[in-house]
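Student: I am attaching a structure below and will ask some questions about it afterwards.
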Amino acid sequence: MIAKNRAVVLKRMMLTLAQTGKNTVTKVIAVLLLLAMAVQIIKPLGLPGLKRRADFWKIAVIAFAVWTVALVINETF
């Protein structure tokens, strides 16, 4: 039941972001990476380099790099 509610909320958030216009990609990336950081703090993902809860900062570094690339691509096209 809770998982279904979370899926509905996530779907509504994604639809709202999709309707906002030009910066949709960066907003979706932001939401997904923030969710990944929250999950990492609650229960580590177990991926290589992300085995401890304290490793959530690595996701933040990845998020910064992905946002930078997305913004550069968005500005050039």
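By convention in this document, the chains of the structure tokens carry letters A, B, ... by their order, each chain's residues are numbered from 1, and ligands are numbered from 1 in the order they are shown.
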Could you give me, as an mmCIF file with N, CA and C atoms, in the first residue's frame, the residues within 7 Å of range 54-66 of chain A, counting only C-alpha atoms and dropping anything in the same chain fewer than 2 positions from it?

Tutor:
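To be explicit, this is the file written out as result-v7.cif:
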data_model
loop_
_atom_site.group_PDB
_atom_site.id
_atom_site.type_symbol
_atom_site.label_atom_id
_atom_site.label_comp_id
_atom_site.auth_asym_id
_atom_site.auth_seq_id
_atom_site.Cartn_x
_atom_site.Cartn_y
_atom_site.Cartn_z
ATOM 1 N N LEU A 33 18.170 12.473 -8.262
ATOM 2 C CA LEU A 33 19.390 12.397 -7.475
ATOM 3 C C LEU A 33 19.145 12.727 -6.005
ATOM 4 N N MET A 37 19.968 10.222 -2.924
ATOM 5 C CA MET A 37 20.713 10.597 -1.719
ATOM 6 C C MET A 37 19.915 10.257 -0.464
ATOM 7 N N GLN A 40 20.090 6.559 0.059
ATOM 8 C CA GLN A 40 21.426 6.180 0.522
ATOM 9 C C GLN A 40 21.569 6.413 2.019
ATOM 10 N N ILE A 41 20.992 7.497 2.520
ATOM 11 C CA ILE A 41 21.082 7.776 3.962
ATOM 12 C C ILE A 41 20.233 6.794 4.754
ATOM 13 N N LEU A 50 29.358 2.896 -2.810
ATOM 14 C CA LEU A 50 28.197 3.399 -2.072
ATOM 15 C C LEU A 50 27.712 2.359 -1.063
ATOM 16 N N ARG A 52 28.326 2.531 2.367
ATOM 17 C CA ARG A 52 28.037 3.083 3.688
ATOM 18 C C ARG A 52 27.058 4.240 3.571
ATOM 19 N N THR A 68 25.755 19.958 -14.409
ATOM 20 C CA THR A 68 26.616 20.806 -15.219
ATOM 21 C C THR A 68 26.552 20.402 -16.680
ATOM 22 N N VAL A 69 26.667 19.110 -16.946
ATOM 23 C CA VAL A 69 26.592 18.625 -18.326
ATOM 24 C C VAL A 69 25.224 18.923 -18.927
ATOM 25 N N ALA A 70 24.164 18.695 -18.177
ATOM 26 C CA ALA A 70 22.809 18.954 -18.683
ATOM 27 C C ALA A 70 22.604 20.430 -18.990
#

Student: So that I can check the surroundings of Arg53 in chain A, please list as a list in words every protein, DNA and RNA residue that reaches within 10 Å of it, counting only C-alpha atoms and ignoring chain neighbours fewer than 5 positions away.

Tutor: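 Listed by chain and then number, they are Met37, Ala38, Val39, Gln40, Ile41, Ile42, Lys43, Pro44, Leu45 and Gly46 of chain A.
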
Student: Quote the spacing between CA of Leu35 in chain A and CA of Gly49 in chain A in Å to one decimal place.

Tutor: 17.6 Å

Student: Go through A:Trp67, A:Val8, A:Val72, A:Pro48 one by one, measure the shortest atom-to-atom distance of each to Val31 in chain A using only C-alpha atoms, and give the residue with the smallest value.

Tutor: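 Looking only at the distances to Val31 in chain A, the closest residue turns out to be A:Trp67.
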